[in-house]
Amino acid sequence: MSTPPAASAPPPPPERFNFALHLLERNAAHPAKAAFIDELGTLGYGSLDERVRRAAAGLRALGLRREERVLLLMHDGNDWPVAFLGAIYAGLVPVAVNTLLTADDYAYMLEHSRAQAALVSGALLPALSGAMVKSDHEVAKVIVSRPQAPLRGAPSADTPPLPAEIEFEAFLAAQPPAERPAATHADDPAFWLYSSGSTGRPKGTVHSHANPYWTSELYGVRLLGLRADDLCFSAAKLFFAYGLGNALTFPMSVGATTLLMAERPTPEAIFKRWRGGVGGARPTIFYGAPTGFAGMLAHPDLPARAQVALRLASSAGEALPADIGERFKRHFGVDIVDGIGSTEMLHVFISNRPDRVRYGSTGWPVPGYTVELRGEDGKPVPDGEPGDLYIQGPSAALMYWGNRAKSRDTFQGGWTKSGDKYIRNADDGSYTYGGRSDDMLKVSGIYVSPFEVEATLVQHPAVLEAAVIGVADADGLTKTKAFVVLKPGSRAGDEELKAFVKDKLAPYKYPRLIEFVDELPKTATGKIQRFRLREREQQQR
């Protein structure tokens with residue numbers, strides 16, 4: 001069934017539109033206000049404006065031309081938005097990449113994007129240098145940001161020299177601020193993000209100047225209701241589509257302040273900032289993922305309600321189990337607004353709302369987006385039946401660069417195929433997650449959602465995390481198997497957990513096999529990689 005978008009919508013951006021200029025102009029009236037805060041200091045909106053325009057001028061002075069790509073391999077900090085917006089202001093296309101990858105990954109991305117320059121954190125120079133040795137593609141200039149202590153080790157003496165390495169501060173100081181942005185259009189390419197696909201090489205997802213405008217206006221401003229007095233803090237990093245909206249495009253669209261964190265989002269690091277341990281102020285908005293929320297709730301140093309200033313929490317990346325949302329609300333008095341987004345759509349398109357939360361569901365289509373659930377025959381399915389999720393909305397990516405087959409499979413006319421299974425609930429029109437389309441199981445001819453079983457297992461007081469896959473028995477029939485991580489110091493047997501699930505779900509859904517593990521394989525965004533578990537099972541047979 002299809003759900004139409006709401007009638008009211010923000011005006012579209014003009015045909016001639018530069019997104020970086022759009023954000024800078026929105027905040028020109030309060031130059032002294034803090035835009036970003038990291039561990040080394042505060043960057044005001046006025047200083048941000050000047051540094052962005054200096055970065056644009058510097059990139060142009062290197063001889064880079066419109067729409068050429070620039071690799072952006074930097075830890076979250078005050079230099080990241082300067083580099084990203086500076087490239088966009090200059091009409092270049094920043095390619096923001098994951099800081100946790102290998103030299104082989106970066107070599108592929110350099111060759112695939114044909115980046116003409118690279119902006120890199122000093123701590124990540126060894127990885128970039130190794131990539132450049134492996135790659136046939138030459139990068140003319142490398143601009144190095146060194147504002148913080150190395151997070152992954154400093155370059156060693158035997159690190160291969162990089163071509164024309166320039167220090168970031170010297171790079172900014174060398175040119176006066178650019179007076180005018182590139183005369184870009186709303187549909188021109190603005191930046192790339194690489195999708196974290198479960199298999200195969202990541203896909204270079206090309207987004208336009210208009211796309212972050214739409215996600216900011218439709219989701220950050222109108223649905224989440226961000227305000228200028230908010231301090232936003234995202235566990236998801238800026239190189240992710242989710243983190244980019246949370247920590248840059250959304251807060252800048254309303255003139256809010258963002259707290260940036262270079263280190264890993266461990267519970268200890270997050271709690272330190274919730275308590276005001278960096279910059280003195282406590283975040284009012286927190287963006288996380290289900291795995292992170294589960295880990296925080298199980299942590300012995302979980303802050304008391306009075307120690308935090310949160311007014312809203314957001315979750316995406318994977319569906320949020322109802323038990324986690326309910327426990328967070330009981331402890332902090334704040335709802336977790338769960339939603340689903342994708343790199344291809346740039347941010348969230350189905351979501352709960354601050355004033356309307358149904359735990360156990362992903363909520364309702366974000367006004368401005370239309371969703372449809374289709375069966376294997378391509379036709380819409382009725383309420384209560386699982387279907388493949390398709391989305392129609394203004395923030396869809398232009399394409400996967402250099403991958404026509406995947407582009408045609410995902411971007412189908414005005415629709416984007418998500419690769420997720422969902423069910424529309426007849427009682428209130430909300431949508432419940434079933435799992436990735438390639439993760440869904442058919443047991444005795446009936447669909448079983450791995451997520452539903454996992455969400456039930458984590459309700460057990462001893463269980464921290466769970467992942468469910470299908471395995472073939474001796475007769476070749478599919479049976480469910482659960483991999484379970486127990487909370488530190490907790491104990492539970494497999495029969496106990498089987499009985500627990502049987503008591504809460506239809507009997508055929510309980511996991512026939514349970515294996516206890518120390519950890520689950522995950523992507524850098526915290527998504528469980530069930531295909532890794534399937535591969536392991538096949539290797540053991």
# chains A, B, ... in the order shown; residues from 1 in each chain; ligands from 1
>>> residues_around(residues="range 242-250 of chain A", least_positions_apart="5", cutoff="7 Å", atoms="only C-alpha atoms", output="NGL selection string")
:A and (212 or 216 or 220 or 232-234 or 236-237 or 258 or 287 or 347)
>>> write_last_selection(atoms="C-alpha atoms", output="PDB file, in the first residue's frame")
ATOM      1  CA  PRO A 212      20.849  17.811   1.604  1.00  0.00           C
ATOM      2  CA  SER A 216      17.354  19.071   6.261  1.00  0.00           C
ATOM      3  CA  GLY A 220      15.738  17.853  10.539  1.00  0.00           C
ATOM      4  CA  CYS A 232      23.594  18.356  18.620  1.00  0.00           C
ATOM      5  CA  PHE A 233      25.823  15.318  19.128  1.00  0.00           C
ATOM      6  CA  SER A 234      25.982  12.327  16.789  1.00  0.00           C
ATOM      7  CA  ALA A 236      27.517   8.357  13.708  1.00  0.00           C
ATOM      8  CA  LYS A 237      30.451  10.051  11.994  1.00  0.00           C
ATOM      9  CA  THR A 258      27.270  20.692  16.911  1.00  0.00           C
ATOM     10  CA  TYR A 287      21.801  10.607  17.450  1.00  0.00           C
ATOM     11  CA  HIS A 347      18.753  10.383   5.263  1.00  0.00           C
TER      12      HIS A 347
END
>>> residues_around(residues="Ile88 in chain A", least_positions_apart="5", cutoff="8 Å", atoms="only C-alpha atoms", output="JSON, numbers by chain")
{"A": [18, 19, 20, 56, 93, 94, 190, 191]}
>>> select_by_dssp(residues="range 277-358 of chain A", states="alpha helix (DSSP H)", output="PyMOL selection string")
chain A and resi 290-297+322-332
>>> residues_around(residues="Gly280 in chain A", least_positions_apart="5", cutoff="12 Å", atoms="only C-alpha atoms", output="list in words")
Ile37, Asp38, Glu39, Gly41, Thr42, Leu231, Leu259, Lys272, Arg273, Trp274 and Arg275 of chain A
>>> residues_around(residues="range 69-74 of chain A", least_positions_apart="3", cutoff="6 Å", atoms="only C-alpha atoms", output="list in words")
Val93, Pro94, Val95, Ala96, Val97, Ala115, Gln116, Ala117, Ala118, Leu119, Val120 and Ser121 of chain A
>>> atom_distance(atom1="CA of Tyr89 in chain A", atom2="CA of Ala183 in chain A")
9.1 Å
>>> select_by_dssp(residues="range 225-425 of chain A", states="strand (DSSP E or B)", output="VMD selection string")
chain A and resid 231 to 234 257 to 259 285 to 288 312 to 315 336 to 341 348 to 351 353 356 363 to 365 370 to 374 380 387 to 392 399 to 400 411 to 412 415 to 424
>>> closest_residue(among="A:Glu318, A:Asp301, A:Asp49, A:Asp494", to="Met252 in chain A", atoms="only C-alpha atoms")
A:Asp49
>>> closest_residue(among="A:Asp377, A:Asp439, A:Asp76, A:Asp188", to="Arg530 in chain A", atoms="only C-alpha atoms")
A:Asp439
>>> residues_around(residues="Asp420 in chain A", least_positions_apart="3", cutoff="12 Å", atoms="only C-alpha atoms", output="ChimeraX atom specification")
/A:318-319,340-342,371-375,386-391,410,416-417,423,431-440,449,451
>>> closest_residue(among="A:Asp338, A:Asp323, A:Asp427, A:Asp383", to="Thr362 in chain A", atoms="only C-alpha atoms")
A:Asp338
>>> atom_distance(atom1="CA of Val453 in chain A", atom2="CA of Ala499 in chain A")
12.4 Å
